[in-house]
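*Asks:* One file: query_8.cif (mmCIF, C-alpha atoms).
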data_final
#
loop_
_atom_site.group_PDB
_atom_site.id
_atom_site.type_symbol
_atom_site.label_atom_id
_atom_site.label_comp_id
_atom_site.auth_asym_id
_atom_site.auth_seq_id
_atom_site.Cartn_x
_atom_site.Cartn_y
_atom_site.Cartn_z
ATOM 1 C CA GLY A 254 170.601 140.708 109.072
ATOM 2 C CA ALA A 255 169.222 141.142 112.544
ATOM 3 C CA GLY A 256 172.157 139.658 114.407
ATOM 4 C CA VAL A 257 175.879 139.041 114.211
ATOM 5 C CA SER A 258 176.577 136.485 111.517
ATOM 6 C CA GLN A 259 179.645 134.264 111.421
ATOM 7 C CA SER A 260 180.816 131.919 108.717
ATOM 8 C CA PRO A 261 181.562 129.154 108.357
ATOM 9 C CA SER A 262 179.771 127.675 111.350
ATOM 10 C CA ASN A 263 182.169 124.741 111.270
ATOM 11 C CA LYS A 264 185.629 124.393 109.773
ATOM 12 C CA VAL A 265 187.825 121.313 109.763
ATOM 13 C CA THR A 266 191.362 121.803 108.535
ATOM 14 C CA GLU A 267 194.685 120.052 108.496
ATOM 15 C CA LYS A 268 197.565 121.160 110.636
ATOM 16 C CA GLY A 269 199.679 123.702 108.822
ATOM 17 C CA LYS A 270 196.907 125.075 106.628
ATOM 18 C CA ASP A 271 195.678 128.662 106.770
ATOM 19 C CA VAL A 272 192.064 129.431 107.660
ATOM 20 C CA GLU A 273 189.941 132.527 107.369
ATOM 21 C CA LEU A 274 186.926 133.170 109.553
ATOM 22 C CA ARG A 275 184.353 135.800 108.756
ATOM 23 C CA CYS A 276 182.166 138.007 110.901
ATOM 24 C CA ASP A 277 179.309 140.237 109.748
ATOM 25 C CA PRO A 278 178.443 142.609 112.595
ATOM 26 C CA ILE A 279 175.083 144.208 113.175
ATOM 27 C CA SER A 280 174.678 147.116 110.794
ATOM 28 C CA GLY A 281 175.741 150.382 112.387
ATOM 29 C CA HIS A 282 177.782 148.797 115.160
ATOM 30 C CA THR A 283 181.110 150.539 115.400
ATOM 31 C CA ALA A 284 182.808 148.093 117.750
ATOM 32 C CA LEU A 285 183.745 144.532 116.850
ATOM 33 C CA TYR A 286 185.429 141.919 119.013
ATOM 34 C CA TRP A 287 186.902 138.481 118.436
ATOM 35 C CA TYR A 288 187.032 135.969 121.272
ATOM 36 C CA ARG A 289 188.273 132.386 121.398
ATOM 37 C CA GLN A 290 186.555 129.718 123.462
ATOM 38 C CA ARG A 291 188.556 126.557 124.009
ATOM 39 C CA LEU A 292 186.806 123.447 125.248
ATOM 40 C CA GLY A 293 186.123 123.717 128.960
ATOM 41 C CA GLN A 294 187.524 127.214 129.199
ATOM 42 C CA GLY A 295 186.191 130.734 129.305
ATOM 43 C CA LEU A 296 186.324 133.214 126.502
ATOM 44 C CA GLU A 297 189.718 134.650 125.646
ATOM 45 C CA PHE A 298 189.819 138.135 124.201
ATOM 46 C CA LEU A 299 191.702 138.247 120.898
ATOM 47 C CA ILE A 300 191.228 141.588 119.183
ATOM 48 C CA TYR A 301 188.994 144.648 119.225
ATOM 49 C CA PHE A 302 188.100 147.126 116.474
ATOM 50 C CA GLN A 303 186.481 150.486 117.162
ATOM 51 C CA GLY A 304 185.592 152.569 114.136
ATOM 52 C CA ASN A 305 188.693 153.782 112.338
ATOM 53 C CA SER A 306 190.928 153.625 115.402
ATOM 54 C CA ALA A 307 193.919 151.311 115.521
ATOM 55 C CA PRO A 308 192.726 147.894 116.685
ATOM 56 C CA ASP A 309 193.584 146.527 120.115
ATOM 57 C CA LYS A 310 195.531 143.385 119.263
ATOM 58 C CA SER A 311 196.713 142.656 122.769
ATOM 59 C CA GLY A 312 194.922 139.310 122.958
ATOM 60 C CA LEU A 313 196.288 137.720 119.806
ATOM 61 C CA PRO A 314 198.224 134.644 120.980
ATOM 62 C CA SER A 315 200.898 134.628 118.265
ATOM 63 C CA ASP A 316 201.911 136.238 114.994
ATOM 64 C CA ARG A 317 200.066 133.455 113.181
ATOM 65 C CA PHE A 318 196.854 135.263 114.121
ATOM 66 C CA SER A 319 195.710 138.409 112.365
ATOM 67 C CA ALA A 320 192.450 140.194 111.777
ATOM 68 C CA GLU A 321 191.177 142.902 109.500
ATOM 69 C CA ARG A 322 188.161 145.096 109.383
ATOM 70 C CA THR A 323 187.362 147.735 106.811
ATOM 71 C CA GLY A 324 185.444 150.617 108.344
ATOM 72 C CA GLU A 325 182.405 149.364 110.205
ATOM 73 C CA SER A 326 181.790 146.343 108.047
ATOM 74 C CA VAL A 327 182.896 142.738 107.826
ATOM 75 C CA SER A 328 185.871 141.434 109.742
ATOM 76 C CA THR A 329 188.043 138.446 108.927
ATOM 77 C CA LEU A 330 190.200 136.549 111.385
ATOM 78 C CA THR A 331 193.063 134.694 109.725
ATOM 79 C CA ILE A 332 195.052 131.928 111.337
ATOM 80 C CA GLN A 333 198.163 130.898 109.436
ATOM 81 C CA ARG A 334 199.877 127.527 109.717
ATOM 82 C CA THR A 335 197.183 126.216 112.029
ATOM 83 C CA GLN A 336 198.143 124.068 115.000
ATOM 84 C CA GLN A 337 196.028 121.599 116.934
ATOM 85 C CA GLU A 338 195.903 123.953 119.908
ATOM 86 C CA ASP A 339 194.074 126.441 117.679
ATOM 87 C CA SER A 340 191.020 124.175 117.790
ATOM 88 C CA ALA A 341 188.288 126.182 119.485
ATOM 89 C CA VAL A 342 185.112 128.116 118.905
ATOM 90 C CA TYR A 343 185.867 131.591 117.605
ATOM 91 C CA LEU A 344 183.225 134.075 118.633
ATOM 92 C CA CYS A 345 182.615 137.473 117.158
ATOM 93 C CA ALA A 346 180.666 140.201 118.902
ATOM 94 C CA SER A 347 179.663 143.705 117.940
ATOM 95 C CA SER A 348 178.597 146.707 119.929
ATOM 96 C CA PRO A 349 176.807 149.891 118.862
ATOM 97 C CA ASP A 350 179.419 152.113 120.445
ATOM 98 C CA ARG A 351 182.482 152.188 122.600
ATOM 99 C CA GLY A 352 182.084 150.247 125.793
ATOM 100 C CA SER A 353 181.513 146.615 126.485
ATOM 101 C CA GLU A 354 178.062 146.644 128.032
ATOM 102 C CA LYS A 355 176.104 146.155 124.828
ATOM 103 C CA LEU A 356 177.836 143.195 123.230
ATOM 104 C CA PHE A 357 175.894 141.099 120.767
ATOM 105 C CA PHE A 358 177.505 137.754 120.011
ATOM 106 C CA GLY A 359 177.422 135.602 116.901
ATOM 107 C CA SER A 360 176.994 131.854 117.173
ATOM 108 C CA GLY A 361 180.652 131.241 116.489
ATOM 109 C CA THR A 362 182.847 129.211 114.176
ATOM 110 C CA GLN A 363 183.900 125.811 115.470
ATOM 111 C CA LEU A 364 187.453 125.273 114.217
ATOM 112 C CA SER A 365 188.919 121.785 114.344
ATOM 113 C CA VAL A 366 192.561 121.305 113.393
ATOM 114 C CA LEU A 367 193.447 117.697 112.675
ATOM 115 C CA ALA B 94 195.564 140.388 138.173
ATOM 116 C CA GLN B 95 192.120 140.670 136.724
ATOM 117 C CA SER B 96 190.191 137.433 136.786
ATOM 118 C CA VAL B 97 186.792 135.858 137.092
ATOM 119 C CA THR B 98 186.240 132.571 138.870
ATOM 120 C CA GLN B 99 183.267 130.323 138.451
ATOM 121 C CA PRO B 100 183.994 127.508 140.890
ATOM 122 C CA ASP B 101 181.252 125.169 139.692
ATOM 123 C CA ILE B 102 182.023 123.560 136.350
ATOM 124 C CA HIS B 103 178.816 121.555 136.181
ATOM 125 C CA ILE B 104 175.569 121.823 138.143
ATOM 126 C CA THR B 105 172.550 119.542 137.931
ATOM 127 C CA VAL B 106 169.167 120.542 139.321
ATOM 128 C CA SER B 107 165.630 119.268 139.068
ATOM 129 C CA GLU B 108 163.073 121.302 137.212
ATOM 130 C CA GLY B 109 161.317 123.638 139.623
ATOM 131 C CA ALA B 110 164.214 123.739 142.056
ATOM 132 C CA SER B 111 166.029 126.935 142.938
ATOM 133 C CA LEU B 112 169.398 127.750 141.403
ATOM 134 C CA GLU B 113 172.465 129.718 142.396
ATOM 135 C CA LEU B 114 175.543 129.972 140.177
ATOM 136 C CA ARG B 115 178.617 131.411 141.821
ATOM 137 C CA CYS B 116 180.920 134.056 140.432
ATOM 138 C CA ASN B 117 183.877 135.726 142.120
ATOM 139 C CA TYR B 118 186.031 138.373 140.552
ATOM 140 C CA SER B 119 189.325 140.114 141.064
ATOM 141 C CA TYR B 120 189.436 143.534 139.462
ATOM 142 C CA GLY B 121 191.399 146.662 140.276
ATOM 143 C CA ALA B 122 188.899 149.215 139.020
ATOM 144 C CA THR B 123 185.214 149.609 139.768
ATOM 145 C CA PRO B 124 183.765 146.611 137.985
ATOM 146 C CA TYR B 125 180.931 146.253 135.596
ATOM 147 C CA LEU B 126 179.565 142.733 135.966
ATOM 148 C CA PHE B 127 177.673 140.598 133.508
ATOM 149 C CA TRP B 128 176.059 137.206 133.182
ATOM 150 C CA TYR B 129 175.724 135.623 129.770
ATOM 151 C CA VAL B 130 173.984 132.411 128.744
ATOM 152 C CA GLN B 131 175.066 130.212 125.856
ATOM 153 C CA SER B 132 172.608 127.632 124.588
ATOM 154 C CA PRO B 133 173.919 124.771 122.423
ATOM 155 C CA GLY B 134 174.883 125.975 118.971
ATOM 156 C CA GLN B 135 174.034 129.576 119.755
ATOM 157 C CA GLY B 136 175.893 132.716 120.601
ATOM 158 C CA LEU B 137 176.067 134.299 124.002
ATOM 159 C CA GLN B 138 173.036 136.191 125.191
ATOM 160 C CA LEU B 139 173.197 138.811 127.899
ATOM 161 C CA LEU B 140 171.091 137.846 130.930
ATOM 162 C CA LEU B 141 171.775 140.847 133.129
ATOM 163 C CA LYS B 142 174.400 143.399 134.070
ATOM 164 C CA TYR B 143 175.428 145.508 137.021
ATOM 165 C CA PHE B 144 176.975 148.940 136.671
ATOM 166 C CA SER B 145 176.028 150.824 139.819
ATOM 167 C CA GLY B 146 173.175 151.503 142.184
ATOM 168 C CA ASP B 147 170.929 148.759 143.512
ATOM 169 C CA THR B 148 173.090 145.714 144.124
ATOM 170 C CA LEU B 149 170.272 143.318 143.226
ATOM 171 C CA VAL B 150 169.699 143.340 139.493
ATOM 172 C CA GLN B 151 166.924 141.690 137.562
ATOM 173 C CA GLY B 152 167.495 140.112 134.182
ATOM 174 C CA ILE B 153 165.653 138.268 131.495
ATOM 175 C CA LYS B 154 164.081 134.830 131.882
ATOM 176 C CA GLY B 155 163.471 135.322 135.592
ATOM 177 C CA PHE B 156 167.135 135.524 136.577
ATOM 178 C CA GLU B 157 168.582 137.901 139.131
ATOM 179 C CA ALA B 158 172.054 138.521 140.511
ATOM 180 C CA GLU B 159 173.380 140.253 143.588
ATOM 181 C CA PHE B 160 176.609 142.253 143.695
ATOM 182 C CA LYS B 161 178.434 141.899 147.014
ATOM 183 C CA ARG B 162 181.498 144.097 147.031
ATOM 184 C CA SER B 163 182.759 142.770 150.374
ATOM 185 C CA GLN B 164 182.816 139.247 148.948
ATOM 186 C CA SER B 165 183.821 140.216 145.387
ATOM 187 C CA SER B 166 180.905 138.126 144.219
ATOM 188 C CA PHE B 167 178.128 138.387 141.683
ATOM 189 C CA ASN B 168 176.075 135.214 142.041
ATOM 190 C CA LEU B 169 173.260 134.412 139.646
ATOM 191 C CA ARG B 170 169.973 133.100 141.015
ATOM 192 C CA LYS B 171 166.654 131.823 139.841
ATOM 193 C CA PRO B 172 163.876 130.699 142.210
ATOM 194 C CA SER B 173 162.451 127.980 139.951
ATOM 195 C CA VAL B 174 164.430 126.466 137.100
ATOM 196 C CA HIS B 175 162.814 125.424 133.822
ATOM 197 C CA TRP B 176 164.109 122.673 131.536
ATOM 198 C CA SER B 177 164.835 125.332 128.904
ATOM 199 C CA ASP B 178 167.378 126.918 131.244
ATOM 200 C CA ALA B 179 169.818 124.090 130.524
ATOM 201 C CA ALA B 180 172.827 125.869 129.012
ATOM 202 C CA GLU B 181 176.278 127.203 129.810
ATOM 203 C CA TYR B 182 176.457 130.333 131.925
ATOM 204 C CA PHE B 183 179.339 132.784 131.875
ATOM 205 C CA CYS B 184 180.133 135.520 134.329
ATOM 206 C CA ALA B 185 182.175 138.432 133.013
ATOM 207 C CA VAL B 186 183.735 141.622 134.347
ATOM 208 C CA GLY B 187 184.650 144.833 132.610
ATOM 209 C CA ALA B 188 185.241 148.476 133.498
ATOM 210 C CA VAL B 189 184.240 151.852 132.216
ATOM 211 C CA ASN B 190 187.668 152.597 130.769
ATOM 212 C CA THR B 191 188.192 149.288 129.056
ATOM 213 C CA ASP B 192 186.601 147.731 126.032
ATOM 214 C CA LYS B 193 187.369 144.141 126.929
ATOM 215 C CA LEU B 194 185.347 141.752 129.004
ATOM 216 C CA ILE B 195 187.098 139.108 131.082
ATOM 217 C CA PHE B 196 185.103 135.914 131.197
ATOM 218 C CA GLY B 197 184.954 133.078 133.663
ATOM 219 C CA THR B 198 185.303 129.489 132.528
ATOM 220 C CA GLY B 199 181.571 128.919 132.613
ATOM 221 C CA THR B 200 179.152 126.711 134.498
ATOM 222 C CA ARG B 201 177.204 124.079 132.614
ATOM 223 C CA LEU B 202 173.663 123.711 133.939
ATOM 224 C CA GLN B 203 171.778 120.490 133.451
ATOM 225 C CA VAL B 204 168.081 120.308 134.338
ATOM 226 C CA PHE B 205 166.310 117.048 135.066
ATOM 227 C CA PRO B 206 162.538 116.754 134.647
#
Go through the file and emit its structure as structure tokens.

*Replies:*
Amino acid sequence: GAGVSQSPSNKVTEKGKDVELRCDPISGHTALYWYRQRLGQGLEFLIYFQGNSAPDKSGLPSDRFSAERTGESVSTLTIQRTQQEDSAVYLCASSPDRGSEKLFFGSGTQLSVL
Amino acid sequence: AQSVTQPDIHITVSEGASLELRCNYSYGATPYLFWYVQSPGQGLQLLLKYFSGDTLVQGIKGFEAEFKRSQSSFNLRKPSVHWSDAAEYFCAVGAVNTDKLIFGTGTRLQVFP
């Protein structure tokens, strides 16, 4: 597609369940980012993938959060044993190369944990 | 510590009025500065960016921003606001040797006809 695609657009889950969020970056983009946007707050950096390099996981808030990306394709963000404080919009962005000046964002996944 | 502050959570203006959204940053390295806009249900779209050179940068949709190093500010301006400008605006800072952007908390703009 022409842009960054995220699915699902909305996800409602029960506390304690695992969820998986998907991001399809723009074809050819080597860099992929996950951000979290809590209500009334700015974007929090979660994790960054660049090509085949080891990902930068410094923003992951706990070991319940993990993400994978195979090569330069789809990425999945997994949250295990979800908690109510995990409720947020999870945004994915991709970039054609290293460096943050050319970020293209998806429309996000709104996660609600009941 | 690296941070971005957007002191105005919510701004309301009349259509046709001028607009200024404030952004202050704290960053140890030479900053790259960005403004993004997020319309309801959509992803973030880059409005403009500053890397170096002329401190007044022009962006899309008639927006401009001025980098003032002495004030650690990068305020966004538009001379005449349109109803379609109603959205959330985020200021962000990054650096040449980092791949992460630090975002402010956003300013929600409401435009009255």

*Asks:* Output the contact residues of chain A with respect to chain B at a cut-off of 12 Å, based on all atoms listed in the file, as number ranges by chain.

*Replies:* A: 256-259, 262-263, 284-303, 308-312, 342-348, 350-363

*Asks:* At a cut-off of 8 Å around the point (175.6, 142.9, 142.4) (file coordinates), what residues fall inside when counting all atoms listed in the file? I'd like the answer as a count of residues only.

*Replies:* 14

*Asks:* Quick one: of A:Ser340, A:Ser260, A:Ser280, A:Thr266, who's nearest to Ser326 (chain A), counting only C-alpha atoms?

*Replies:*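 Among the listed residues, A:Ser280 lies closest to Ser326 (chain A).
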
*Asks:* For Glu338 (chain A), which residue out of A:Gly304, A:Pro261, A:Gly281, A:Pro314 is the nearest one, using all atoms listed in the file?

*Replies:*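 Closest candidate: A:Pro314.
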
*Asks:* Here's the selection I'm unsure about, the PyMOL selection byres ((chain B and resi 108) around 6); applied to the file above, which residues does it give, as a list in words?

*Replies:*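 Selected by the PyMOL selection byres ((chain B and resi 108) around 6) here: Ser107, Gly109, Ala110, Val174, His175, Trp176, Val204, Phe205 and Pro206 of chain B.
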
*Asks:* Work out how far apart CA of Asp101 (chain B) and CA of Ala341 (chain A) are and give it in Å to one decimal.

*Replies:*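 So the answer is 21.4 Å.
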
*Asks:* Which residues come within 6 Å of Val265 (chain A), counting all atoms listed in the file, excluding same-chain residues fewer than 6 positions away, as a list in words?

*Replies:*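 Within the cut-off, the hits are Leu364, Ser365 and Val366 of chain A.
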
*Asks:* Figure out the distance between CA of Ser96 (chain B) and CA of Leu202 (chain B), please, to one decimal in Å.

*Replies:* 21.7 Å

*Asks:* Would you work out the distance separating CA of Glu325 (chain A) from CA of Ile153 (chain B), expressed in Å to one decimal?

*Replies:*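 For CA of Glu325 (chain A) relative to CA of Ile153 (chain B), the distance reads 29.3 Å.
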
*Asks:* May I have the centre and edge lengths, in Å to one decimal, of an axis-aligned box around the listed atoms of region 199-206 of chain B with 8 Å added to every side, as JSON?

*Replies:*
{"center_x": 172.1, "center_y": 122.8, "center_z": 133.8, "size_x": 35.0, "size_y": 28.2, "size_z": 18.5}

*Asks:* Pick the closest to Arg170 (chain B) from B:Gly155, B:Ser145, B:Pro124, B:Thr105: which is it, counting all atoms listed in the file?

*Replies:*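 Closest residue, counting all atoms listed in the file: B:Gly155.
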
*Asks:* Please evaluate the PyMOL selection byres ((chain A and resi 336) around 10) against the displayed coordinates and give the resulting residues as a tab-separated table (two decimals) with C-alpha atoms, in the coordinates of the input.

*Replies:*
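Contents of part-v4.tsv, as written:
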chain	number	residue	atom	x	y	z
A	266	THR	CA	191.36	121.80	108.54
A	267	GLU	CA	194.68	120.05	108.50
A	268	LYS	CA	197.56	121.16	110.64
A	269	GLY	CA	199.68	123.70	108.82
A	270	LYS	CA	196.91	125.08	106.63
A	271	ASP	CA	195.68	128.66	106.77
A	317	ARG	CA	200.07	133.46	113.18
A	332	ILE	CA	195.05	131.93	111.34
A	333	GLN	CA	198.16	130.90	109.44
A	334	ARG	CA	199.88	127.53	109.72
A	335	THR	CA	197.18	126.22	112.03
A	337	GLN	CA	196.03	121.60	116.93
A	338	GLU	CA	195.90	123.95	119.91
A	339	ASP	CA	194.07	126.44	117.68
A	340	SER	CA	191.02	124.18	117.79
A	365	SER	CA	188.92	121.78	114.34
A	366	VAL	CA	192.56	121.30	113.39
A	367	LEU	CA	193.45	117.70	112.68

*Asks:* Selection in question (the file shown): the PyMOL selection byres ((chain A and resi 320) around 8). Which residues does it include, as a list in words?

*Replies:* Ile300, Phe318, Ser319, Glu321, Arg322, Ser328, Thr329, Leu330 and Thr331 of chain A

*Asks:* Please, could N, CA, C and O atoms be added to region 318-330 of chain A and the result written as a PDB file, keeping the file's coordinate frame?

*Replies:*
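Result written to rebuild02.pdb:
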ATOM      1  N   PHE A 318     198.219 134.730 114.072  1.00  0.00           N
ATOM      2  CA  PHE A 318     196.854 135.263 114.121  1.00  0.00           C
ATOM      3  C   PHE A 318     196.846 136.711 113.650  1.00  0.00           C
ATOM      4  O   PHE A 318     197.672 137.517 114.087  1.00  0.00           O
ATOM      5  N   SER A 319     195.897 137.035 112.788  1.00  0.00           N
ATOM      6  CA  SER A 319     195.710 138.409 112.365  1.00  0.00           C
ATOM      7  C   SER A 319     194.243 138.629 112.058  1.00  0.00           C
ATOM      8  O   SER A 319     193.484 137.678 111.846  1.00  0.00           O
ATOM      9  N   ALA A 320     193.832 139.871 112.084  1.00  0.00           N
ATOM     10  CA  ALA A 320     192.450 140.194 111.777  1.00  0.00           C
ATOM     11  C   ALA A 320     192.392 141.531 111.069  1.00  0.00           C
ATOM     12  O   ALA A 320     193.248 142.396 111.295  1.00  0.00           O
ATOM     13  N   GLU A 321     191.382 141.669 110.234  1.00  0.00           N
ATOM     14  CA  GLU A 321     191.177 142.902 109.500  1.00  0.00           C
ATOM     15  C   GLU A 321     189.715 143.300 109.592  1.00  0.00           C
ATOM     16  O   GLU A 321     188.830 142.457 109.730  1.00  0.00           O
ATOM     17  N   ARG A 322     189.514 144.576 109.499  1.00  0.00           N
ATOM     18  CA  ARG A 322     188.161 145.096 109.383  1.00  0.00           C
ATOM     19  C   ARG A 322     188.234 146.389 108.604  1.00  0.00           C
ATOM     20  O   ARG A 322     189.028 147.277 108.930  1.00  0.00           O
ATOM     21  N   THR A 323     187.408 146.523 107.620  1.00  0.00           N
ATOM     22  CA  THR A 323     187.362 147.735 106.811  1.00  0.00           C
ATOM     23  C   THR A 323     186.191 148.579 107.286  1.00  0.00           C
ATOM     24  O   THR A 323     185.031 148.161 107.163  1.00  0.00           O
ATOM     25  N   GLY A 324     186.497 149.740 107.858  1.00  0.00           N
ATOM     26  CA  GLY A 324     185.444 150.617 108.344  1.00  0.00           C
ATOM     27  C   GLY A 324     184.600 149.952 109.403  1.00  0.00           C
ATOM     28  O   GLY A 324     185.134 149.433 110.383  1.00  0.00           O
ATOM     29  N   GLU A 325     183.308 149.964 109.227  1.00  0.00           N
ATOM     30  CA  GLU A 325     182.405 149.364 110.205  1.00  0.00           C
ATOM     31  C   GLU A 325     181.705 148.155 109.607  1.00  0.00           C
ATOM     32  O   GLU A 325     180.576 147.829 109.955  1.00  0.00           O
ATOM     33  N   SER A 326     182.427 147.463 108.727  1.00  0.00           N
ATOM     34  CA  SER A 326     181.790 146.343 108.047  1.00  0.00           C
ATOM     35  C   SER A 326     182.417 145.025 108.494  1.00  0.00           C
ATOM     36  O   SER A 326     182.834 144.870 109.628  1.00  0.00           O
ATOM     37  N   VAL A 327     182.473 144.114 107.568  1.00  0.00           N
ATOM     38  CA  VAL A 327     182.896 142.738 107.826  1.00  0.00           C
ATOM     39  C   VAL A 327     184.314 142.684 108.378  1.00  0.00           C
ATOM     40  O   VAL A 327     185.176 143.498 108.034  1.00  0.00           O
ATOM     41  N   SER A 328     184.534 141.700 109.234  1.00  0.00           N
ATOM     42  CA  SER A 328     185.871 141.434 109.742  1.00  0.00           C
ATOM     43  C   SER A 328     186.256 139.997 109.404  1.00  0.00           C
ATOM     44  O   SER A 328     185.405 139.106 109.380  1.00  0.00           O
ATOM     45  N   THR A 329     187.538 139.795 109.141  1.00  0.00           N
ATOM     46  CA  THR A 329     188.043 138.446 108.927  1.00  0.00           C
ATOM     47  C   THR A 329     189.176 138.180 109.915  1.00  0.00           C
ATOM     48  O   THR A 329     190.038 139.030 110.130  1.00  0.00           O
ATOM     49  N   LEU A 330     189.133 137.023 110.498  1.00  0.00           N
ATOM     50  CA  LEU A 330     190.200 136.549 111.385  1.00  0.00           C
ATOM     51  C   LEU A 330     190.944 135.457 110.632  1.00  0.00           C
ATOM     52  O   LEU A 330     190.328 134.485 110.183  1.00  0.00           O
TER      53      LEU A 330
END
